[in-house]
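Visitor: My structure file upload_25.tsv, TSV, C-alpha atoms and all ligand atoms, is below:
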```tsv
chain	number	residue	atom	x	y	z
O	28	MET	CA	117.11	95.63	101.28
O	29	MET	CA	115.19	98.57	99.88
O	30	GLN	CA	113.96	96.63	96.82
O	31	LEU	CA	113.24	93.55	98.92
O	32	GLY	CA	111.22	95.69	101.31
O	33	ALA	CA	109.32	97.27	98.43
O	34	LEU	CA	108.45	93.84	97.04
O	35	PHE	CA	107.27	92.73	100.49
O	36	ALA	CA	105.19	95.93	100.85
O	37	PHE	CA	103.66	95.27	97.43
O	38	LEU	CA	102.66	91.66	98.22
O	39	LEU	CA	101.39	92.57	101.68
O	40	GLY	CA	99.49	95.49	100.13
O	41	LEU	CA	97.82	93.15	97.61
O	42	ALA	CA	96.71	90.83	100.43
O	43	PHE	CA	95.34	93.67	102.55
O	44	GLY	CA	93.74	95.22	99.48
O	45	SER	CA	91.95	91.93	98.96
O	46	PHE	CA	90.80	92.03	102.59
O	47	LEU	CA	89.60	95.61	102.02
O	48	ASN	CA	87.38	94.35	99.20
O	49	VAL	CA	85.84	91.80	101.55
O	50	VAL	CA	85.11	94.48	104.17
O	51	LEU	CA	83.78	96.82	101.47
O	52	THR	CA	81.36	94.18	100.19
O	53	ARG	CA	80.22	92.73	103.50
O	54	LEU	CA	80.12	95.69	105.89
O	55	PRO	CA	77.12	97.38	104.17
O	56	GLU	CA	75.27	94.04	104.23
O	57	GLY	CA	75.79	93.82	107.97
O	58	GLY	CA	77.12	90.27	107.64
O	59	SER	CA	80.23	88.62	109.04
O	60	ILE	CA	83.59	89.66	107.59
O	61	VAL	CA	85.05	86.14	107.87
O	62	HIS	CA	82.12	83.82	107.04
O	63	PRO	CA	81.17	82.41	104.60
O	64	ALA	CA	84.22	81.77	102.39
O	65	SER	CA	84.75	84.01	99.35
O	66	HIS	CA	82.12	83.32	96.72
O	67	CYS	CA	80.61	84.73	93.53
O	68	ARG	CA	78.03	87.45	94.32
O	69	ASN	CA	75.74	86.10	91.61
O	70	CYS	CA	75.78	82.27	91.66
O	71	THR	CA	77.31	81.77	95.17
O	72	HIS	CA	79.98	79.52	93.61
O	73	THR	CA	82.69	79.20	96.31
O	74	LEU	CA	86.05	80.37	95.00
O	75	ALA	CA	88.93	77.88	94.71
O	76	TRP	CA	92.23	79.08	96.16
O	77	TRP	CA	93.54	80.02	92.73
O	78	GLU	CA	90.43	82.10	92.00
O	79	ASN	CA	91.14	84.14	95.11
O	80	ILE	CA	94.66	85.43	94.43
O	81	PRO	CA	94.76	89.23	94.47
O	82	LEU	CA	95.13	90.85	91.05
O	83	LEU	CA	96.21	87.64	89.25
O	84	SER	CA	92.92	85.78	89.55
O	85	TRP	CA	90.92	88.64	88.10
O	86	LEU	CA	93.31	88.74	85.12
O	87	LEU	CA	93.31	84.94	84.73
O	88	LEU	CA	89.50	84.80	84.86
O	89	LYS	CA	89.34	87.83	82.51
O	90	GLY	CA	87.05	89.58	84.98
O	91	ARG	CA	84.29	86.93	84.90
O	92	CYS	CA	83.02	84.24	87.28
O	93	ARG	CA	84.28	80.78	86.23
O	94	GLN	CA	80.87	79.20	86.73
O	95	CYS	CA	78.17	81.72	85.76
O	96	HIS	CA	80.38	84.11	83.70
O	97	THR	CA	78.96	87.16	85.46
O	98	ARG	CA	81.24	90.15	85.20
O	99	ILE	CA	83.40	90.73	88.29
O	100	SER	CA	83.81	94.43	89.00
O	101	PRO	CA	87.24	95.89	88.11
O	102	ARG	CA	86.95	97.54	91.52
O	103	TYR	CA	88.51	94.38	93.03
O	104	PRO	CA	91.89	94.43	91.23
O	105	LEU	CA	91.97	98.25	91.24
O	106	ILE	CA	91.67	98.46	95.02
O	107	GLU	CA	94.22	95.69	95.51
O	108	LEU	CA	96.64	97.54	93.25
O	109	ALA	CA	95.93	100.88	94.95
O	110	ILE	CA	96.80	99.53	98.42
O	111	ALA	CA	99.89	97.75	97.07
O	112	ILE	CA	101.18	100.97	95.45
O	113	LEU	CA	100.38	103.07	98.53
O	114	TRP	CA	102.22	100.63	100.78
O	115	ILE	CA	105.29	100.68	98.54
O	116	ALA	CA	105.18	104.49	98.77
O	117	VAL	CA	104.89	104.31	102.58
O	118	TRP	CA	107.89	101.97	102.68
O	119	LEU	CA	110.00	104.17	100.41
O	120	ARG	CA	109.09	107.34	102.31
O	121	PHE	CA	109.29	106.11	105.89
O	122	GLY	CA	111.41	102.95	105.75
O	123	THR	CA	114.75	104.69	105.12
O	124	PRO	CA	116.13	104.14	108.67
O	125	LEU	CA	115.55	100.41	108.21
O	126	TYR	CA	117.50	100.05	105.00
O	127	GLU	CA	120.05	102.78	105.66
O	128	PRO	CA	120.51	102.59	109.44
O	129	GLN	CA	123.99	104.08	109.25
O	130	LEU	CA	122.39	107.44	108.37
O	131	PHE	CA	120.47	107.39	111.61
O	132	ALA	CA	121.25	106.52	115.20
O	133	GLY	CA	121.60	102.80	114.49
O	134	ILE	CA	119.35	99.76	114.28
O	135	PRO	CA	117.48	100.01	117.63
O	136	TYR	CA	116.43	103.57	116.81
O	137	ALA	CA	115.40	102.56	113.32
O	138	LEU	CA	113.29	99.64	114.51
O	139	THR	CA	111.26	101.44	117.17
O	140	HIS	CA	110.74	104.74	115.42
O	141	CYS	CA	110.38	103.56	111.89
O	142	LEU	CA	107.91	100.79	112.69
O	143	VAL	CA	105.51	103.29	114.27
O	144	LEU	CA	105.56	105.34	111.07
O	145	LEU	CA	105.32	102.35	108.72
O	146	LEU	CA	102.52	100.57	110.56
O	147	GLY	CA	100.67	103.80	111.31
O	148	PHE	CA	100.60	105.12	107.77
O	149	ALA	CA	99.97	101.70	106.25
O	150	LEU	CA	96.85	101.44	108.42
O	151	PHE	CA	95.82	105.05	107.77
O	152	SER	CA	96.12	104.78	103.97
O	153	TRP	CA	94.19	101.48	104.05
O	154	LEU	CA	91.42	103.15	106.08
O	155	LEU	CA	91.28	106.13	103.72
O	156	VAL	CA	90.83	103.93	100.64
O	157	LEU	CA	88.14	101.87	102.42
O	158	LEU	CA	86.20	104.99	103.47
O	159	ALA	CA	86.61	106.54	100.00
O	160	ALA	CA	85.13	103.41	98.38
O	161	LEU	CA	82.32	103.07	100.93
O	162	ASP	CA	81.25	106.67	100.45
O	163	MET	CA	81.43	106.35	96.68
O	164	GLU	CA	79.35	103.16	96.54
O	165	HIS	CA	76.96	103.73	99.43
O	166	LEU	CA	77.28	107.43	100.42
O	167	TRP	CA	78.15	106.01	103.82
O	168	LEU	CA	80.97	106.80	106.24
O	169	PRO	CA	80.27	104.30	109.04
O	170	ASP	CA	80.87	105.32	112.68
O	171	ILE	CA	82.38	101.89	113.26
O	172	LEU	CA	85.35	103.03	111.16
O	173	THR	CA	85.59	106.80	111.72
O	174	LEU	CA	85.20	106.85	115.52
O	175	PRO	CA	87.92	104.24	116.24
O	176	GLY	CA	89.88	105.98	113.46
O	177	ILE	CA	89.89	109.19	115.56
O	178	ALA	CA	91.10	107.33	118.69
O	179	VAL	CA	93.82	105.39	116.85
O	180	GLY	CA	95.00	108.53	115.01
O	181	PHE	CA	95.26	110.44	118.28
O	182	THR	CA	97.25	107.62	119.96
O	183	TYR	CA	99.44	107.35	116.89
O	184	ALA	CA	100.25	111.07	116.97
O	185	LEU	CA	101.40	110.74	120.60
O	186	LEU	CA	103.51	107.65	119.84
O	187	ARG	CA	105.03	109.34	116.84
O	188	ASN	CA	105.81	112.57	118.64
O	189	GLY	CA	109.41	112.97	119.77
O	190	THR	CA	110.42	109.70	118.14
O	191	ASP	CA	109.98	110.91	114.61
O	192	TRP	CA	112.95	111.78	112.44
O	193	TYR	CA	110.53	113.81	110.29
O	194	PHE	CA	109.72	116.30	113.03
O	195	ASP	CA	112.32	119.05	113.20
O	196	ASN	CA	111.21	120.46	116.51
O	197	PRO	CA	109.79	117.83	118.84
O	198	ILE	CA	107.22	118.99	121.37
O	199	THR	CA	106.16	117.42	124.66
O	200	THR	CA	103.49	114.72	124.76
O	201	ALA	CA	101.14	117.09	126.59
O	202	GLN	CA	101.56	119.75	123.91
O	203	MET	CA	100.98	117.18	121.19
O	204	ALA	CA	97.86	115.89	122.92
O	205	ARG	CA	96.51	119.44	123.19
O	206	ASN	CA	97.35	120.22	119.55
O	207	ARG	CA	95.61	117.14	118.25
O	208	LEU	CA	92.52	117.59	120.44
O	209	ILE	CA	92.16	121.11	119.05
O	210	ALA	CA	92.72	119.72	115.53
O	211	ILE	CA	89.97	117.12	116.01
O	212	VAL	CA	87.43	119.68	117.23
O	213	ALA	CA	88.40	122.38	114.71
O	214	ALA	CA	88.42	120.04	111.71
O	215	ALA	CA	84.98	118.68	112.57
O	216	GLY	CA	83.90	122.26	113.28
O	217	ILE	CA	84.48	123.30	109.66
O	218	ILE	CA	81.90	120.78	108.44
O	219	LEU	CA	79.48	121.52	111.29
O	220	LEU	CA	79.59	125.26	110.50
O	221	ILE	CA	78.85	124.64	106.82
O	222	ARG	CA	76.08	122.28	107.83
O	223	LEU	CA	74.59	124.95	110.08
O	224	ALA	CA	74.85	127.65	107.40
O	225	TYR	CA	73.25	125.35	104.84
O	226	TRP	CA	70.42	124.55	107.21
O	227	LEU	CA	69.81	128.22	108.03
O	228	ILE	CA	69.63	129.14	104.33
O	229	ARG	CA	67.88	126.14	102.80
O	230	ARG	CA	66.27	124.43	105.80
O	231	GLN	CA	67.69	121.07	104.79
O	232	GLU	CA	70.75	118.94	105.43
O	233	GLY	CA	73.86	119.79	103.46
O	234	MET	CA	76.99	117.97	104.49
O	235	GLY	CA	76.54	114.83	106.53
O	236	LEU	CA	77.69	114.19	110.07
O	237	GLY	CA	79.81	111.38	108.61
O	238	ASP	CA	81.90	114.04	106.86
O	239	ALA	CA	82.40	115.84	110.20
O	240	LYS	CA	83.64	112.63	111.87
O	241	LEU	CA	85.90	111.95	108.90
O	242	MET	CA	87.38	115.46	109.19
O	243	ALA	CA	87.92	114.85	112.93
O	244	MET	CA	89.76	111.66	112.00
O	245	LEU	CA	91.98	113.55	109.54
O	246	GLY	CA	92.70	116.14	112.25
O	247	ALA	CA	93.74	113.38	114.65
O	248	TRP	CA	96.09	111.69	112.19
O	249	LEU	CA	97.50	114.70	110.33
O	250	GLY	CA	96.99	117.80	112.48
O	251	PHE	CA	94.79	120.79	111.74
O	252	ILE	CA	96.78	122.46	108.94
O	253	CYS	CA	96.92	119.25	106.89
O	254	ALA	CA	93.23	118.56	107.54
O	255	LEU	CA	92.38	122.10	106.39
O	256	GLU	CA	94.45	121.65	103.23
O	257	THR	CA	92.72	118.37	102.56
O	258	PHE	CA	89.36	120.10	102.92
O	259	VAL	CA	90.31	122.89	100.50
O	260	LEU	CA	91.61	120.41	97.93
O	261	ALA	CA	88.50	118.21	98.30
O	262	ILE	CA	86.14	121.17	97.81
O	263	PHE	CA	88.09	122.14	94.71
O	264	ALA	CA	88.06	118.61	93.27
O	265	ALA	CA	84.39	118.07	94.12
O	266	SER	CA	83.45	121.35	92.39
O	267	ILE	CA	85.28	120.31	89.24
O	268	ALA	CA	83.59	116.91	89.37
O	269	ALA	CA	80.18	118.56	89.78
O	270	ILE	CA	80.79	120.89	86.83
O	271	LEU	CA	81.93	118.00	84.63
O	272	TRP	CA	78.90	115.97	85.72
O	273	LEU	CA	76.59	118.91	84.86
O	274	ALA	CA	78.23	119.37	81.47
O	275	PHE	CA	77.98	115.66	80.78
O	276	THR	CA	74.24	115.50	81.59
O	277	ALA	CA	73.65	118.67	79.57
O	278	ILE	CA	75.41	117.20	76.53
O	279	ARG	CA	73.38	114.01	76.79
O	280	ARG	CA	70.23	116.16	77.11
O	281	GLU	CA	68.84	114.06	79.87
O	282	THR	CA	65.17	114.78	80.35
O	283	THR	CA	65.27	115.06	84.13
O	284	PRO	CA	68.58	116.62	85.07
O	285	ALA	CA	68.84	116.59	88.83
O	286	PRO	CA	69.11	120.07	90.32
O	287	TRP	CA	72.83	120.38	90.94
O	288	ALA	CA	72.46	121.35	94.56
O	289	LYS	CA	70.77	118.05	95.22
O	290	MET	CA	73.27	115.89	93.41
O	291	PRO	CA	74.46	113.33	95.97
O	292	LEU	CA	78.17	113.95	95.82
O	293	PRO	CA	80.31	111.55	97.84
O	294	PHE	CA	82.28	114.34	99.50
O	295	GLY	CA	83.92	111.82	101.85
O	296	THR	CA	85.54	110.16	98.84
O	297	PHE	CA	87.12	113.46	97.82
O	298	LEU	CA	88.28	114.09	101.39
O	299	CYS	CA	89.90	110.65	101.69
O	300	LEU	CA	91.72	110.88	98.36
O	301	ALA	CA	92.82	114.46	99.02
O	302	ALA	CA	94.27	113.34	102.38
O	303	LEU	CA	96.64	110.80	100.79
O	304	PRO	CA	99.35	113.27	99.63
O	305	GLU	CA	99.43	114.77	103.15
O	306	ILE	CA	100.85	111.46	104.40
O	307	PHE	CA	103.91	111.78	102.22
O	308	TYR	CA	104.33	115.55	101.99
O	309	PRO	CA	102.61	117.25	104.95
O	310	GLN	CA	101.35	120.74	104.13
O	311	TRP	CA	102.47	120.34	100.52
O	312	LEU	CA	99.73	122.70	99.25
O	313	TRP	CA	100.82	125.55	101.51
O	314	LEU	CA	104.53	124.93	100.80
O	315	TRP	CA	103.82	124.96	97.07
O	316	TYR	CA	101.70	128.12	97.33
O	317	ALA	CA	104.38	129.88	99.39
O	318	ARG	CA	107.09	128.96	96.90
O	319	VAL	CA	105.14	130.07	93.84
O	320	PHE	CA	103.22	133.14	95.05
O	321	LEU	CA	105.17	134.57	97.98
O	322	PRO	CA	108.41	136.48	97.33
E	401	ZN	ZN	79.17	83.14	89.52
```
So, in terms of structure tokens, how does the structure I just supplied come out?
Ligand SMILES: [Zn+2]
Guide:
Amino acid sequence: MMQLGALFAFLLGLAFGSFLNVVLTRLPEGGSIVHPASHCRNCTHTLAWWENIPLLSWLLLKGRCRQCHTRISPRYPLIELAIAILWIAVWLRFGTPLYEPQLFAGIPYALTHCLVLLLGFALFSWLLVLLAALDMEHLWLPDILTLPGIAVGFTYALLRNGTDWYFDNPITTAQMARNRLIAIVAAAGIILLIRLAYWLIRRQEGMGLGDAKLMAMLGAWLGFICALETFVLAIFAASIAAILWLAFTAIRRETTPAPWAKMPLPFGTFLCLAALPEIFYPQWLWLWYARVFLP
């Protein structure tokens, strides 16, 4: 049952990863998500069914279009694989009551409570990868994803509350609603404060409003502590990336090195990727810190 579920999660993840690629390609163009049928970006050759199988087709075609031999970005199979692996992880972490119902309060419990967790986190991880890729490719965190993401995350937190075998001390729905509203405002507030400080000092825009809405979304789904951890980890990772990027341009002695403060860093990408571990091990950074540094 566990292995069968993992296989199902993998195949479903590949399919939804493939759909993510479609959204990722077509959303910035403002076109329809469903029309026209999948085609080569270069020669508009419409893909046969066997050229449109997640992961396999890219390998079979050796990463090139069958007709015009243009290179197909490895982004396609990588994203399909990423969603498939994440969904297996979600199944293994949150599906336990479904494959070992005897450990819990029986099948009915398992079905209702476990499905909320499985569907919720499958959707959330899918959304995070989509936003990470959009910000990386286009420096764009569209409202059409983040704003509904806040609403769905908030609803999800209420559904999950009290039914979740992961929560040791359940709280009332009203308390949960209050907690998450505070989390949404506070998480967005971190970015807005930095934005304000940056503007006061340099008289120009630092972090984007898209980052603030993304942080609000993380607050809704994960709560404030996890959102704060995500922010700290993202800042850390982004700084390392910036230093590496600086070193790399210095080594290559590029004639016009961009001033580092103006380097367009897709901070949203770092935020989204840093949020992924919080799904599986909430507050892992704090728990790790407490174990290592506190007596
Ligand atoms: Zn082509």
Visitor: Work out how far apart atom CA of Pro55 of chain O and atom CA of Cys253 of chain O are and give it in Å to one decimal.
Guide: 29.6 Å
Visitor: Neighbouring residues of ligand ZN 401 (chain E) are defined here as those with any atom at most 10 Å from a ligand atom, counting all atoms listed in the file; list them as a ChimeraX atom specification.
Guide: /O:66-74,91-99
Visitor: For atom CA of Ala264 of chain O and atom CA of Trp153 of chain O, quote the distance in Å rounded to one decimal.
Guide: 21.1 Å
Visitor: Mind checking which residues fall within 10 Å of Leu312 of chain O, counting all atoms listed in the file, ignoring those fewer than 6 positions away in the same chain, and posting them as a ChimeraX atom specification?
Guide: /O:253,256-257,259-260,304-305,318
Visitor: In Å, with one decimal, what is the gap from atom CA of Ile110 of chain O to atom CA of Gly40 of chain O?
Guide: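 These atoms are spaced 5.1 Å apart.
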Visitor: Gly147 of chain O: which residues within 9 Å, counting all atoms listed in the file, same-chain residues fewer than 2 positions away excluded, as a list in words?
Guide: Leu142, Val143, Leu144, Leu145, Ala149, Leu150, Phe151, Ser152, Val179, Gly180, Tyr183 and Arg187 of chain O
Visitor: So that I can check the surroundings of Gly44 of chain O, please list as a list in words every protein, DNA and RNA residue that reaches within 8 Å of it, counting only C-alpha atoms and ignoring chain neighbours fewer than 5 positions away.
Guide: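 After dropping sequence-adjacent residues, the list is Pro81, Ile106, Glu107, Leu108, Ala109, Ile110, Ala111 and Trp153 of chain O.
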Visitor: May I have the residues from that selection written out with C-alpha atoms, as a short mmCIF file (atom, residue, chain, number, x, y, z; two decimals), keeping the file's coordinate frame?
Guide:
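Writing done, so here's again_31.cif:
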```cif
data_model
loop_
_atom_site.label_atom_id
_atom_site.label_comp_id
_atom_site.auth_asym_id
_atom_site.auth_seq_id
_atom_site.Cartn_x
_atom_site.Cartn_y
_atom_site.Cartn_z
CA PRO O 81 94.76 89.23 94.47
CA ILE O 106 91.67 98.46 95.02
CA GLU O 107 94.22 95.69 95.51
CA LEU O 108 96.64 97.54 93.25
CA ALA O 109 95.93 100.88 94.95
CA ILE O 110 96.80 99.53 98.42
CA ALA O 111 99.89 97.75 97.07
CA TRP O 153 94.19 101.48 104.05
#
```
Visitor: Please provide as a PyMOL selection string all residues within 8 Å of Met242 of chain O, with the sequence filter that same-chain residues fewer than 4 positions apart are discarded (counting all atoms listed in the file).
Guide: chain O and resi 211+214-215+218+238+246+254+298
Visitor: Name all residues at most 10 Å from Phe307 of chain O (count all atoms listed in the file; drop same-chain ones fewer than 4 positions away) and give them as a ChimeraX atom specification.
Guide: /O:116-117,119-121,148,302-303,311
Visitor: May I ask which of the residues O:Gly58, O:Pro322, O:Gly233, O:Gly176 is the closest one to Leu157 of chain O, counting all atoms listed in the file?
Guide: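 The answer is O:Gly176, which sits nearest to Leu157 of chain O.
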Visitor: Using all atoms listed in the file, can you tell me which of O:Leu249, O:Leu34, O:Met244, O:Asn206 comes closest to Tyr308 of chain O?
Guide: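 Checking each of O:Leu249, O:Leu34, O:Met244, O:Asn206 against Tyr308 of chain O, counting all atoms listed in the file, the winner is O:Leu249.
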Visitor: Counting only C-alpha atoms, which residue out of O:Leu105, O:Leu271, O:Leu113, O:Ala224 sits closest to Asn48 of chain O?
Guide: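 Using only C-alpha atoms, Asn48 of chain O sits closest to O:Leu105.
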Visitor: Fix up segment 36-56 of chain O with N, CA and C atoms, then write it as a compact mmCIF listing (two decimals), in the coordinates of the input.
Guide:
```txt
# COMPACT_ATOMS: atom_id res chain seq x y z
N ALA O 36 106.28 94.97 100.67
CA ALA O 36 105.19 95.93 100.85
C ALA O 36 104.13 95.75 99.77
N PHE O 37 104.58 95.47 98.55
CA PHE O 37 103.66 95.27 97.43
C PHE O 37 102.78 94.04 97.65
N LEU O 38 103.41 92.91 98.02
CA LEU O 38 102.66 91.66 98.22
C LEU O 38 101.71 91.78 99.42
N LEU O 39 102.23 92.37 100.49
CA LEU O 39 101.39 92.57 101.68
C LEU O 39 100.23 93.51 101.35
N GLY O 40 100.52 94.54 100.54
CA GLY O 40 99.49 95.49 100.13
C GLY O 40 98.40 94.81 99.30
N LEU O 41 98.80 93.90 98.41
CA LEU O 41 97.82 93.15 97.61
C LEU O 41 96.90 92.34 98.53
N ALA O 42 97.50 91.66 99.51
CA ALA O 42 96.71 90.83 100.43
C ALA O 42 95.73 91.68 101.24
N PHE O 43 96.22 92.82 101.75
CA PHE O 43 95.34 93.67 102.55
C PHE O 43 94.34 94.43 101.68
N GLY O 44 94.69 94.64 100.41
CA GLY O 44 93.74 95.22 99.48
C GLY O 44 92.60 94.26 99.22
N SER O 45 92.95 92.98 99.14
CA SER O 45 91.95 91.93 98.96
C SER O 45 91.01 91.88 100.17
N PHE O 46 91.60 92.00 101.37
CA PHE O 46 90.80 92.03 102.59
C PHE O 46 89.89 93.26 102.61
N LEU O 47 90.41 94.39 102.10
CA LEU O 47 89.60 95.61 102.02
C LEU O 47 88.35 95.38 101.17
N ASN O 48 88.52 94.67 100.06
CA ASN O 48 87.38 94.35 99.20
C ASN O 48 86.31 93.55 99.94
N VAL O 49 86.78 92.61 100.77
CA VAL O 49 85.84 91.80 101.55
C VAL O 49 85.05 92.70 102.51
N VAL O 50 85.77 93.58 103.22
CA VAL O 50 85.11 94.48 104.17
C VAL O 50 84.13 95.38 103.42
N LEU O 51 84.58 95.90 102.28
CA LEU O 51 83.78 96.82 101.47
C LEU O 51 82.49 96.16 100.99
N THR O 52 82.55 94.88 100.67
CA THR O 52 81.36 94.18 100.19
C THR O 52 80.44 93.78 101.34
N ARG O 53 81.04 93.34 102.45
CA ARG O 53 80.22 92.73 103.50
C ARG O 53 79.76 93.68 104.59
N LEU O 54 80.51 94.76 104.82
CA LEU O 54 80.12 95.69 105.89
C LEU O 54 78.74 96.31 105.64
N PRO O 55 78.45 96.80 104.40
CA PRO O 55 77.12 97.38 104.17
C PRO O 55 75.99 96.36 104.29
N GLU O 56 76.30 95.07 104.12
CA GLU O 56 75.27 94.04 104.23
C GLU O 56 75.05 93.64 105.69
```
